[in-house]
Each structure stands twice: as C-alpha cells, then as structure tokens.
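*Asks:* Contents are mmCIF, N, CA and C atoms; file name input-v4.cif:
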data_data
#
loop_
_atom_site.label_atom_id
_atom_site.label_comp_id
_atom_site.auth_asym_id
_atom_site.auth_seq_id
_atom_site.Cartn_x
_atom_site.Cartn_y
_atom_site.Cartn_z
N MET A 1 0.84 -1.17 0.00
CA MET A 1 0.00 0.00 0.00
C MET A 1 0.89 1.25 0.00
N THR A 2 0.63 2.15 -0.91
CA THR A 2 1.43 3.38 -0.99
C THR A 2 0.99 4.35 0.11
N THR A 3 1.79 5.38 0.29
CA THR A 3 1.49 6.39 1.29
C THR A 3 0.14 7.05 1.01
N ILE A 4 -0.11 7.39 -0.23
CA ILE A 4 -1.36 8.05 -0.57
C ILE A 4 -2.55 7.10 -0.42
N ASP A 5 -2.36 5.82 -0.73
CA ASP A 5 -3.43 4.83 -0.54
C ASP A 5 -3.78 4.70 0.94
N LYS A 6 -2.77 4.69 1.78
CA LYS A 6 -3.01 4.62 3.23
C LYS A 6 -3.74 5.86 3.70
N PHE A 7 -3.33 7.02 3.22
CA PHE A 7 -3.98 8.27 3.60
C PHE A 7 -5.46 8.24 3.21
N LEU A 8 -5.75 7.82 1.98
CA LEU A 8 -7.14 7.75 1.52
C LEU A 8 -7.94 6.73 2.33
N SER A 9 -7.32 5.62 2.67
CA SER A 9 -7.97 4.62 3.51
C SER A 9 -8.27 5.19 4.89
N ASP A 10 -7.33 5.93 5.44
CA ASP A 10 -7.54 6.55 6.75
C ASP A 10 -8.67 7.59 6.70
N ILE A 11 -8.81 8.28 5.60
CA ILE A 11 -9.92 9.23 5.44
C ILE A 11 -11.24 8.47 5.50
N GLN A 12 -11.33 7.37 4.75
CA GLN A 12 -12.56 6.59 4.74
C GLN A 12 -12.87 6.01 6.12
N LYS A 13 -11.84 5.57 6.83
CA LYS A 13 -12.04 5.07 8.19
C LYS A 13 -12.54 6.18 9.11
N THR A 14 -12.00 7.37 8.97
CA THR A 14 -12.42 8.51 9.79
C THR A 14 -13.91 8.79 9.58
N ILE A 15 -14.34 8.78 8.34
CA ILE A 15 -15.76 9.01 8.02
C ILE A 15 -16.62 7.90 8.61
N LYS A 16 -16.19 6.66 8.43
CA LYS A 16 -16.94 5.51 8.93
C LYS A 16 -17.02 5.54 10.46
N TYR A 17 -15.91 5.83 11.12
CA TYR A 17 -15.88 5.82 12.58
C TYR A 17 -16.70 6.97 13.16
N ASP A 18 -16.74 8.11 12.47
CA ASP A 18 -17.56 9.21 12.98
C ASP A 18 -19.02 8.77 13.06
N ARG A 19 -19.48 8.13 12.03
CA ARG A 19 -20.87 7.66 12.00
C ARG A 19 -21.08 6.56 13.05
N ALA A 20 -20.17 5.61 13.11
CA ALA A 20 -20.31 4.48 14.03
C ALA A 20 -20.23 4.91 15.50
N ASN A 21 -19.39 5.87 15.80
CA ASN A 21 -19.19 6.29 17.18
C ASN A 21 -20.23 7.28 17.67
N ASN A 22 -21.15 7.66 16.80
CA ASN A 22 -22.15 8.65 17.17
C ASN A 22 -23.57 8.17 16.84
N GLY A 23 -23.80 6.90 17.09
CA GLY A 23 -25.13 6.33 16.93
C GLY A 23 -25.68 6.40 15.53
N GLY A 24 -24.81 6.33 14.54
CA GLY A 24 -25.25 6.37 13.14
C GLY A 24 -25.46 7.76 12.60
N HIS A 25 -25.19 8.77 13.42
CA HIS A 25 -25.36 10.16 12.99
C HIS A 25 -24.01 10.73 12.59
N TYR A 26 -23.90 11.06 11.32
CA TYR A 26 -22.66 11.59 10.77
C TYR A 26 -22.61 13.10 10.95
N ASP A 27 -21.48 13.59 11.45
CA ASP A 27 -21.25 15.03 11.59
C ASP A 27 -20.06 15.37 10.70
N ALA A 28 -20.35 15.96 9.55
CA ALA A 28 -19.31 16.23 8.56
C ALA A 28 -18.25 17.19 9.09
N LYS A 29 -18.66 18.18 9.82
CA LYS A 29 -17.70 19.14 10.37
C LYS A 29 -16.71 18.44 11.30
N ARG A 30 -17.22 17.59 12.16
CA ARG A 30 -16.36 16.85 13.09
C ARG A 30 -15.44 15.89 12.31
N ALA A 31 -15.98 15.17 11.35
CA ALA A 31 -15.19 14.21 10.57
C ALA A 31 -14.11 14.93 9.76
N CYS A 32 -14.47 16.05 9.14
CA CYS A 32 -13.50 16.78 8.32
C CYS A 32 -12.42 17.43 9.18
N THR A 33 -12.79 17.85 10.37
CA THR A 33 -11.78 18.37 11.30
C THR A 33 -10.79 17.27 11.65
N GLN A 34 -11.29 16.05 11.82
CA GLN A 34 -10.40 14.90 12.08
C GLN A 34 -9.52 14.60 10.87
N ILE A 35 -10.06 14.74 9.68
CA ILE A 35 -9.28 14.52 8.46
C ILE A 35 -8.17 15.56 8.36
N ALA A 36 -8.49 16.81 8.69
CA ALA A 36 -7.46 17.87 8.67
C ALA A 36 -6.36 17.55 9.68
N LYS A 37 -6.74 17.06 10.86
CA LYS A 37 -5.75 16.67 11.87
C LYS A 37 -4.92 15.48 11.39
N LEU A 38 -5.57 14.55 10.71
CA LEU A 38 -4.87 13.40 10.13
C LEU A 38 -3.80 13.87 9.15
N PHE A 39 -4.16 14.81 8.28
CA PHE A 39 -3.20 15.36 7.32
C PHE A 39 -2.01 15.99 8.05
N ALA A 40 -2.29 16.81 9.05
CA ALA A 40 -1.22 17.47 9.80
C ALA A 40 -0.33 16.45 10.50
N ASN A 41 -0.94 15.43 11.09
CA ASN A 41 -0.16 14.39 11.79
C ASN A 41 0.67 13.55 10.83
N ASN A 42 0.13 13.27 9.66
CA ASN A 42 0.86 12.48 8.66
C ASN A 42 2.07 13.23 8.13
N ASN A 43 2.08 14.54 8.29
CA ASN A 43 3.13 15.36 7.72
C ASN A 43 3.86 16.18 8.77
N LYS A 44 3.99 15.62 9.95
CA LYS A 44 4.67 16.32 11.05
C LYS A 44 6.08 16.76 10.67
N ASN A 45 6.71 15.99 9.80
CA ASN A 45 8.07 16.33 9.38
C ASN A 45 8.13 17.65 8.61
N GLN A 46 6.98 18.15 8.16
CA GLN A 46 6.93 19.42 7.44
C GLN A 46 6.57 20.58 8.37
N GLY A 47 6.47 20.30 9.66
CA GLY A 47 6.21 21.34 10.64
C GLY A 47 4.88 22.04 10.44
N SER A 48 4.88 23.34 10.61
CA SER A 48 3.63 24.08 10.55
C SER A 48 3.10 24.23 9.12
N LEU A 49 3.89 23.88 8.12
CA LEU A 49 3.39 23.89 6.74
C LEU A 49 2.18 22.97 6.62
N ALA A 50 2.28 21.78 7.19
CA ALA A 50 1.18 20.82 7.11
C ALA A 50 -0.06 21.34 7.83
N VAL A 51 0.13 21.98 8.95
CA VAL A 51 -1.00 22.56 9.69
C VAL A 51 -1.65 23.67 8.86
N SER A 52 -0.84 24.50 8.24
CA SER A 52 -1.36 25.59 7.41
C SER A 52 -2.18 25.03 6.24
N ILE A 53 -1.67 24.00 5.59
CA ILE A 53 -2.38 23.41 4.45
C ILE A 53 -3.69 22.76 4.91
N SER A 54 -3.64 22.02 6.01
CA SER A 54 -4.86 21.36 6.48
C SER A 54 -5.91 22.38 6.92
N ASP A 55 -5.48 23.45 7.59
CA ASP A 55 -6.41 24.51 7.99
C ASP A 55 -7.01 25.19 6.77
N TYR A 56 -6.19 25.41 5.76
CA TYR A 56 -6.66 26.02 4.51
C TYR A 56 -7.73 25.14 3.87
N TRP A 57 -7.47 23.85 3.76
CA TRP A 57 -8.44 22.92 3.17
C TRP A 57 -9.74 22.95 3.95
N LEU A 58 -9.65 22.86 5.26
CA LEU A 58 -10.84 22.83 6.11
C LEU A 58 -11.64 24.12 5.99
N ASN A 59 -10.98 25.24 6.10
CA ASN A 59 -11.69 26.52 6.10
C ASN A 59 -12.16 26.95 4.72
N THR A 60 -11.37 26.69 3.69
CA THR A 60 -11.71 27.15 2.35
C THR A 60 -12.73 26.25 1.66
N TYR A 61 -12.60 24.96 1.85
CA TYR A 61 -13.43 24.03 1.08
C TYR A 61 -14.50 23.29 1.88
N ILE A 62 -14.28 23.08 3.14
CA ILE A 62 -15.24 22.31 3.92
C ILE A 62 -16.22 23.23 4.65
N LEU A 63 -15.70 24.08 5.51
CA LEU A 63 -16.58 24.91 6.34
C LEU A 63 -17.37 25.93 5.54
N SER A 64 -16.91 26.24 4.35
CA SER A 64 -17.65 27.18 3.49
C SER A 64 -18.54 26.47 2.47
N SER A 65 -18.62 25.17 2.58
CA SER A 65 -19.41 24.38 1.63
C SER A 65 -20.90 24.67 1.77
N GLU A 66 -21.58 24.72 0.64
CA GLU A 66 -23.03 24.89 0.65
C GLU A 66 -23.74 23.60 1.06
N ASP A 67 -23.02 22.50 1.05
CA ASP A 67 -23.58 21.20 1.43
C ASP A 67 -22.70 20.55 2.49
N LEU A 68 -22.50 21.27 3.58
CA LEU A 68 -21.59 20.82 4.64
C LEU A 68 -21.93 19.43 5.16
N ALA A 69 -23.19 19.10 5.22
CA ALA A 69 -23.61 17.81 5.77
C ALA A 69 -23.07 16.63 4.96
N ASN A 70 -22.71 16.87 3.70
CA ASN A 70 -22.22 15.79 2.84
C ASN A 70 -20.73 15.91 2.53
N GLU A 71 -20.01 16.63 3.34
CA GLU A 71 -18.56 16.74 3.17
C GLU A 71 -17.87 15.61 3.92
N PRO A 72 -16.71 15.19 3.48
CA PRO A 72 -15.99 15.72 2.34
C PRO A 72 -16.53 15.14 1.03
N SER A 73 -16.77 15.99 0.09
CA SER A 73 -17.19 15.55 -1.23
C SER A 73 -16.02 14.84 -1.90
N GLU A 74 -16.32 14.15 -2.98
CA GLU A 74 -15.26 13.48 -3.73
C GLU A 74 -14.21 14.49 -4.20
N GLU A 75 -14.68 15.67 -4.64
CA GLU A 75 -13.76 16.70 -5.11
C GLU A 75 -12.85 17.17 -3.96
N ASN A 76 -13.41 17.32 -2.77
CA ASN A 76 -12.59 17.77 -1.65
C ASN A 76 -11.66 16.69 -1.12
N ILE A 77 -12.04 15.44 -1.28
CA ILE A 77 -11.11 14.35 -0.97
C ILE A 77 -9.97 14.38 -1.99
N ASN A 78 -10.31 14.58 -3.26
CA ASN A 78 -9.26 14.69 -4.30
C ASN A 78 -8.36 15.88 -4.05
N ARG A 79 -8.93 16.95 -3.50
CA ARG A 79 -8.14 18.15 -3.23
C ARG A 79 -7.14 17.89 -2.10
N ILE A 80 -7.58 17.26 -1.01
CA ILE A 80 -6.64 17.00 0.09
C ILE A 80 -5.63 15.93 -0.34
N LYS A 81 -6.05 15.05 -1.24
CA LYS A 81 -5.11 14.08 -1.82
C LYS A 81 -4.04 14.82 -2.61
N ALA A 82 -4.43 15.81 -3.39
CA ALA A 82 -3.46 16.61 -4.16
C ALA A 82 -2.52 17.36 -3.21
N PHE A 83 -3.05 17.88 -2.12
CA PHE A 83 -2.20 18.54 -1.13
C PHE A 83 -1.20 17.55 -0.53
N GLN A 84 -1.66 16.31 -0.29
CA GLN A 84 -0.75 15.29 0.23
C GLN A 84 0.33 14.97 -0.80
N ASN A 85 -0.07 14.85 -2.05
CA ASN A 85 0.92 14.60 -3.10
C ASN A 85 1.90 15.76 -3.23
N PHE A 86 1.43 16.97 -3.02
CA PHE A 86 2.31 18.13 -3.04
C PHE A 86 3.35 18.02 -1.93
N VAL A 87 2.92 17.72 -0.73
CA VAL A 87 3.84 17.60 0.41
C VAL A 87 4.79 16.43 0.20
N ASP A 88 4.29 15.37 -0.44
CA ASP A 88 5.12 14.18 -0.72
C ASP A 88 6.03 14.40 -1.93
N ASN A 89 5.91 15.53 -2.59
CA ASN A 89 6.70 15.84 -3.79
C ASN A 89 6.46 14.83 -4.90
N ALA A 90 5.22 14.43 -5.06
CA ALA A 90 4.85 13.44 -6.08
C ALA A 90 4.58 14.16 -7.40
N GLU A 91 5.63 14.49 -8.12
CA GLU A 91 5.54 15.29 -9.33
C GLU A 91 4.70 14.67 -10.43
N ASP A 92 4.60 13.35 -10.45
CA ASP A 92 3.88 12.67 -11.52
C ASP A 92 2.37 12.57 -11.27
N GLU A 93 1.91 13.09 -10.15
CA GLU A 93 0.50 12.98 -9.81
C GLU A 93 -0.31 14.08 -10.47
N ASP A 94 -1.62 13.91 -10.49
CA ASP A 94 -2.54 14.87 -11.10
C ASP A 94 -2.90 15.94 -10.08
N PHE A 95 -2.59 17.17 -10.39
CA PHE A 95 -2.89 18.30 -9.52
C PHE A 95 -3.98 19.18 -10.11
N SER A 96 -4.70 18.69 -11.12
CA SER A 96 -5.66 19.52 -11.84
C SER A 96 -6.81 20.00 -10.95
N VAL A 97 -7.08 19.35 -9.85
CA VAL A 97 -8.14 19.76 -8.94
C VAL A 97 -7.79 21.06 -8.20
N LEU A 98 -6.51 21.38 -8.15
CA LEU A 98 -6.07 22.59 -7.44
C LEU A 98 -6.24 23.81 -8.34
N THR A 99 -6.77 24.87 -7.75
CA THR A 99 -7.01 26.11 -8.48
C THR A 99 -5.77 27.00 -8.44
N ASP A 100 -5.81 28.06 -9.22
CA ASP A 100 -4.73 29.04 -9.18
C ASP A 100 -4.58 29.62 -7.77
N ASP A 101 -5.70 29.87 -7.12
CA ASP A 101 -5.66 30.37 -5.74
C ASP A 101 -4.99 29.36 -4.80
N ASP A 102 -5.28 28.08 -5.02
CA ASP A 102 -4.64 27.04 -4.20
C ASP A 102 -3.12 27.09 -4.37
N TRP A 103 -2.68 27.20 -5.62
CA TRP A 103 -1.24 27.23 -5.88
C TRP A 103 -0.58 28.47 -5.29
N GLU A 104 -1.26 29.59 -5.39
CA GLU A 104 -0.71 30.81 -4.80
C GLU A 104 -0.65 30.71 -3.28
N THR A 105 -1.64 30.08 -2.70
CA THR A 105 -1.64 29.87 -1.25
C THR A 105 -0.52 28.92 -0.85
N LEU A 106 -0.35 27.85 -1.61
CA LEU A 106 0.76 26.92 -1.33
C LEU A 106 2.10 27.64 -1.43
N ARG A 107 2.24 28.47 -2.47
CA ARG A 107 3.46 29.26 -2.63
C ARG A 107 3.71 30.12 -1.39
N ASP A 108 2.68 30.79 -0.92
CA ASP A 108 2.82 31.65 0.25
C ASP A 108 3.18 30.85 1.50
N PHE A 109 2.53 29.70 1.66
CA PHE A 109 2.82 28.84 2.82
C PHE A 109 4.27 28.35 2.78
N VAL A 110 4.70 27.89 1.61
CA VAL A 110 6.08 27.40 1.47
C VAL A 110 7.07 28.53 1.71
N ASP A 111 6.76 29.69 1.18
CA ASP A 111 7.62 30.85 1.40
C ASP A 111 7.73 31.18 2.90
N ASP A 112 6.61 31.14 3.59
CA ASP A 112 6.60 31.42 5.03
C ASP A 112 7.41 30.40 5.83
N GLU A 113 7.42 29.16 5.36
CA GLU A 113 8.06 28.07 6.11
C GLU A 113 9.42 27.66 5.53
N ALA A 114 9.90 28.37 4.54
CA ALA A 114 11.11 27.98 3.81
C ALA A 114 12.29 27.69 4.74
N GLU A 115 12.46 28.47 5.77
CA GLU A 115 13.60 28.29 6.67
C GLU A 115 13.54 27.00 7.47
N THR A 116 12.34 26.46 7.65
CA THR A 116 12.19 25.25 8.47
C THR A 116 12.14 23.97 7.64
N LEU A 117 12.02 24.10 6.33
CA LEU A 117 11.92 22.92 5.46
C LEU A 117 13.31 22.45 5.06
N ASP A 118 13.44 21.12 4.89
CA ASP A 118 14.73 20.64 4.40
C ASP A 118 14.86 21.05 2.93
N LEU A 119 16.09 21.22 2.50
CA LEU A 119 16.38 21.79 1.18
C LEU A 119 15.76 20.99 0.04
N ASP A 120 15.81 19.66 0.11
CA ASP A 120 15.23 18.84 -0.97
C ASP A 120 13.72 19.06 -1.07
N SER A 121 13.03 19.05 0.06
CA SER A 121 11.58 19.27 0.05
C SER A 121 11.25 20.65 -0.48
N LEU A 122 11.99 21.64 -0.01
CA LEU A 122 11.77 23.01 -0.46
C LEU A 122 11.94 23.12 -1.98
N GLN A 123 13.03 22.56 -2.50
CA GLN A 123 13.27 22.60 -3.95
C GLN A 123 12.16 21.91 -4.72
N ASN A 124 11.76 20.73 -4.26
CA ASN A 124 10.72 19.98 -4.96
C ASN A 124 9.39 20.71 -4.93
N MET A 125 9.05 21.29 -3.78
CA MET A 125 7.80 22.04 -3.68
C MET A 125 7.83 23.27 -4.58
N MET A 126 8.95 23.96 -4.59
CA MET A 126 9.06 25.14 -5.45
C MET A 126 9.01 24.76 -6.92
N ASN A 127 9.55 23.61 -7.28
CA ASN A 127 9.45 23.14 -8.67
C ASN A 127 7.99 22.88 -9.05
N LEU A 128 7.23 22.26 -8.14
CA LEU A 128 5.81 22.02 -8.41
C LEU A 128 5.06 23.35 -8.54
N ILE A 129 5.39 24.28 -7.69
CA ILE A 129 4.74 25.61 -7.75
C ILE A 129 5.09 26.29 -9.07
N LEU A 130 6.34 26.21 -9.48
CA LEU A 130 6.77 26.78 -10.74
C LEU A 130 6.06 26.12 -11.92
N GLN A 131 5.97 24.81 -11.90
CA GLN A 131 5.31 24.08 -12.98
C GLN A 131 3.83 24.48 -13.12
N ASN A 132 3.26 24.98 -12.03
CA ASN A 132 1.86 25.37 -12.04
C ASN A 132 1.69 26.89 -12.08
N ASP A 133 2.73 27.57 -12.55
CA ASP A 133 2.70 29.01 -12.80
C ASP A 133 2.24 29.86 -11.63
N ALA A 134 2.71 29.53 -10.44
CA ALA A 134 2.29 30.27 -9.25
C ALA A 134 3.43 31.05 -8.61
N LEU A 135 4.48 31.34 -9.36
CA LEU A 135 5.60 32.08 -8.78
C LEU A 135 5.49 33.59 -8.89
N SER A 136 4.51 34.07 -9.59
CA SER A 136 4.37 35.52 -9.81
C SER A 136 4.30 36.28 -8.51
#
Could the structure of this file be written out as structure tokens, please?
*Replies:*
Amino acid sequence: MTTIDKFLSDIQKTIKYDRANNGGHYDAKRACTQIAKLFANNNKNQGSLAVSISDYWLNTYILSSEDLANEPSEENINRIKAFQNFVDNAEDEDFSVLTDDDWETLRDFVDDEAETLDLDSLQNMMNLILQNDALS
C-alpha cells in the first residue's frame, strides 16, 4: 500500500468511525476536522506547513461548503489528496483539482516556512509551484 493509498484509507475510516461512534449520525464538520488533523499528523516532518495546508483545506473548502452535511465531497477528498501529493513531492500525480488560488496559497505557505523545510523538500515544492505558474 502506498502512502497516498493509506492516507485515503484513513480518510474513509475517519468518516466511517464518525458515523459508528455517534449512533449512526454523521457530523461532517467533526469528521473533516479529524481529516485535517490526520493530514497534519501524517506530515509532522513538514512542521507548521502541514497545519497551514490542512487549515486552509478545512476553512476554504469544507466549512464554506453549501452542502456541509455531505462533506468531504469526492472533489474535496481529491483536493486533500493533491495537497498530500504536493507535500510528498509526487511530481507525476494529477494536480488539476487545485485552483490558481490554491497554488498561490501553497506558494505563500512554502515561502513562510522555507527556513524550516529541508532543502530537498523546499526545492521539490518550489518546482511544483513553478510548474503550475504560481511564482508571480
């Protein structure tokens, strides 16, 4: 099982356990908050960058959703998957779900955390940002 497969499996378990642990009543906000924490915990080696990305995903795409009760949508799962691939420096993955605003936000987050990131990760992340025309 690859890292991303495990992450996606953990997301599905989080959703399932939220429903099971609450008498069959699913609370999307609670489940998505747990998914954001899962992302941050999976990427502790990236320090506060992971927390910034997970908070961005939660606040921008989940809490502002017009259909919060049914989050995370497939698109928002794909979005957090793309963020995971970004942190993993998976250059060959599909990032098409990320918007220009997402890339600019990632650029700003990486810029803010540049001093704390290891050089290889920083270079790889900046290459992905460059490939997606977000260096302006």
*Asks:* Got a sec to resolve the PyMOL selection byres (((chain A and resi 39 and name CA) around 8) and name CA) on this structure and send the residues as a list in words?
*Replies:*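 Those residues are Ile35, Ala36, Lys37, Leu38, Ala40, Asn41, Asn42, Asn43, Ala50, Val51, Ser54 and Gln84 of chain A.
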*Asks:* Point out the residue among A:Ser73, A:Ser48, A:His25, A:Phe86 with the least atom-to-atom distance to Leu128 in chain A, counting only N, CA and C atoms.
*Replies:* A:Phe86
*Asks:* Exactly which residues make up the result of the PyMOL selection byres ((chain A and resi 116-125) around 8) on this file, given as number ranges by chain?
*Replies:* A: 45-48, 86-91, 106-107, 110, 112-115, 126-131
*Asks:* Please measure the separation of CA of Glu71 in chain A and CA of Ala28 in chain A, giving the value in Å to one decimal.
*Replies:*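 Rounded to one decimal, the two atoms are 5.5 Å apart.
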*Asks:* Tell me which protein, DNA and RNA residues are within 12 Å of Lys13 in chain A, counting only C-alpha atoms, leaving out same-chain ones fewer than 6 positions away, and put them as a PyMOL selection string.
*Replies:* chain A and resi 6-7+19-21+31-32+34-35+38
*Asks:* Running the PyMOL selection byres ((chain A and resi 95) around 8) on this model by hand, what would come out? Give it as a PyMOL selection string.
*Replies:* chain A and resi 81-83+86+91-94+96-99
*Asks:* Between A:Ser9, A:Thr3, A:Ser64, A:Thr14, which residue has the minimum interatomic distance to Arg30 in chain A, considering all atoms listed in the file?
*Replies:*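 Counting all atoms listed in the file, the residue closest to Arg30 in chain A is A:Thr14.
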*Asks:* Rounded to one decimal, what separation in Å do you get between CA of Ile11 in chain A and CA of Asn76 in chain A?
*Replies:*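 A separation of 11.4 Å between them.
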*Asks:* CA of Asp108 in chain A to CA of Ser65 in chain A: how many Å, to one decimal?
*Replies:*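 Separation of CA of Asp108 in chain A and CA of Ser65 in chain A: 23.4 Å.
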*Asks:* Write out as a VMD selection string all residues of chain A that DSSP puts in alpha helix (DSSP H) for this structure's backbone.
*Replies:* chain A and resid 3 to 20 28 to 42 48 to 57 74 to 87 100 to 113 119 to 131
*Asks:* Please reconstruct the missing atoms of range 45-55 of chain A (target: all heavy atoms) and return them as a PDB file, in the frame of the given file.
*Replies:*
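Output saved as out_22.pdb:
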ATOM      1  N   ASN A  45       6.710  15.990   9.800  1.00  0.00           N
ATOM      2  CA  ASN A  45       8.070  16.330   9.380  1.00  0.00           C
ATOM      3  C   ASN A  45       8.130  17.650   8.610  1.00  0.00           C
ATOM      4  O   ASN A  45       9.196  18.218   8.431  1.00  0.00           O
ATOM      5  CB  ASN A  45       8.687  15.202   8.545  1.00  0.00           C
ATOM      6  CG  ASN A  45       7.895  14.920   7.282  1.00  0.00           C
ATOM      7  OD1 ASN A  45       6.680  15.067   7.234  1.00  0.00           O
ATOM      8  ND2 ASN A  45       8.591  14.491   6.252  1.00  0.00           N
ATOM      9  N   GLN A  46       6.980  18.150   8.160  1.00  0.00           N
ATOM     10  CA  GLN A  46       6.930  19.420   7.440  1.00  0.00           C
ATOM     11  C   GLN A  46       6.570  20.580   8.370  1.00  0.00           C
ATOM     12  O   GLN A  46       6.360  21.709   7.911  1.00  0.00           O
ATOM     13  CB  GLN A  46       5.937  19.353   6.280  1.00  0.00           C
ATOM     14  CG  GLN A  46       6.266  18.296   5.259  1.00  0.00           C
ATOM     15  CD  GLN A  46       7.604  18.514   4.574  1.00  0.00           C
ATOM     16  OE1 GLN A  46       8.145  19.600   4.550  1.00  0.00           O
ATOM     17  NE2 GLN A  46       8.158  17.451   4.025  1.00  0.00           N
ATOM     18  N   GLY A  47       6.470  20.300   9.660  1.00  0.00           N
ATOM     19  CA  GLY A  47       6.210  21.340  10.640  1.00  0.00           C
ATOM     20  C   GLY A  47       4.880  22.040  10.440  1.00  0.00           C
ATOM     21  O   GLY A  47       3.882  21.400  10.097  1.00  0.00           O
ATOM     22  N   SER A  48       4.880  23.340  10.610  1.00  0.00           N
ATOM     23  CA  SER A  48       3.630  24.080  10.550  1.00  0.00           C
ATOM     24  C   SER A  48       3.100  24.230   9.120  1.00  0.00           C
ATOM     25  O   SER A  48       1.959  24.656   8.934  1.00  0.00           O
ATOM     26  CB  SER A  48       3.772  25.437  11.235  1.00  0.00           C
ATOM     27  OG  SER A  48       4.782  26.190  10.641  1.00  0.00           O
ATOM     28  N   LEU A  49       3.890  23.880   8.120  1.00  0.00           N
ATOM     29  CA  LEU A  49       3.390  23.890   6.740  1.00  0.00           C
ATOM     30  C   LEU A  49       2.180  22.970   6.620  1.00  0.00           C
ATOM     31  O   LEU A  49       1.162  23.336   6.032  1.00  0.00           O
ATOM     32  CB  LEU A  49       4.478  23.474   5.745  1.00  0.00           C
ATOM     33  CG  LEU A  49       4.030  23.333   4.293  1.00  0.00           C
ATOM     34  CD1 LEU A  49       3.587  24.683   3.731  1.00  0.00           C
ATOM     35  CD2 LEU A  49       5.149  22.743   3.447  1.00  0.00           C
ATOM     36  N   ALA A  50       2.280  21.780   7.190  1.00  0.00           N
ATOM     37  CA  ALA A  50       1.180  20.820   7.110  1.00  0.00           C
ATOM     38  C   ALA A  50      -0.060  21.340   7.830  1.00  0.00           C
ATOM     39  O   ALA A  50      -1.186  21.169   7.339  1.00  0.00           O
ATOM     40  CB  ALA A  50       1.611  19.473   7.703  1.00  0.00           C
ATOM     41  N   VAL A  51       0.130  21.980   8.950  1.00  0.00           N
ATOM     42  CA  VAL A  51      -1.000  22.560   9.690  1.00  0.00           C
ATOM     43  C   VAL A  51      -1.650  23.670   8.860  1.00  0.00           C
ATOM     44  O   VAL A  51      -2.879  23.753   8.759  1.00  0.00           O
ATOM     45  CB  VAL A  51      -0.565  23.069  11.078  1.00  0.00           C
ATOM     46  CG1 VAL A  51      -1.693  23.808  11.774  1.00  0.00           C
ATOM     47  CG2 VAL A  51      -0.056  21.918  11.935  1.00  0.00           C
ATOM     48  N   SER A  52      -0.840  24.500   8.240  1.00  0.00           N
ATOM     49  CA  SER A  52      -1.360  25.590   7.410  1.00  0.00           C
ATOM     50  C   SER A  52      -2.180  25.030   6.240  1.00  0.00           C
ATOM     51  O   SER A  52      -3.274  25.540   5.943  1.00  0.00           O
ATOM     52  CB  SER A  52      -0.224  26.455   6.868  1.00  0.00           C
ATOM     53  OG  SER A  52       0.436  27.112   7.909  1.00  0.00           O
ATOM     54  N   ILE A  53      -1.670  24.000   5.590  1.00  0.00           N
ATOM     55  CA  ILE A  53      -2.380  23.410   4.450  1.00  0.00           C
ATOM     56  C   ILE A  53      -3.690  22.760   4.910  1.00  0.00           C
ATOM     57  O   ILE A  53      -4.737  22.942   4.285  1.00  0.00           O
ATOM     58  CB  ILE A  53      -1.495  22.396   3.705  1.00  0.00           C
ATOM     59  CG1 ILE A  53      -0.333  23.130   3.030  1.00  0.00           C
ATOM     60  CG2 ILE A  53      -2.307  21.613   2.675  1.00  0.00           C
ATOM     61  CD1 ILE A  53       0.726  22.208   2.442  1.00  0.00           C
ATOM     62  N   SER A  54      -3.640  22.020   6.010  1.00  0.00           N
ATOM     63  CA  SER A  54      -4.860  21.360   6.480  1.00  0.00           C
ATOM     64  C   SER A  54      -5.910  22.380   6.920  1.00  0.00           C
ATOM     65  O   SER A  54      -7.101  22.205   6.648  1.00  0.00           O
ATOM     66  CB  SER A  54      -4.560  20.348   7.582  1.00  0.00           C
ATOM     67  OG  SER A  54      -4.094  20.989   8.749  1.00  0.00           O
ATOM     68  N   ASP A  55      -5.480  23.450   7.590  1.00  0.00           N
ATOM     69  CA  ASP A  55      -6.410  24.510   7.990  1.00  0.00           C
ATOM     70  C   ASP A  55      -7.010  25.190   6.770  1.00  0.00           C
ATOM     71  O   ASP A  55      -8.206  25.503   6.736  1.00  0.00           O
ATOM     72  CB  ASP A  55      -5.715  25.548   8.863  1.00  0.00           C
ATOM     73  CG  ASP A  55      -5.438  25.060  10.271  1.00  0.00           C
ATOM     74  OD1 ASP A  55      -5.965  23.995  10.675  1.00  0.00           O
ATOM     75  OD2 ASP A  55      -4.671  25.744  10.976  1.00  0.00           O
TER      76      ASP A  55
END
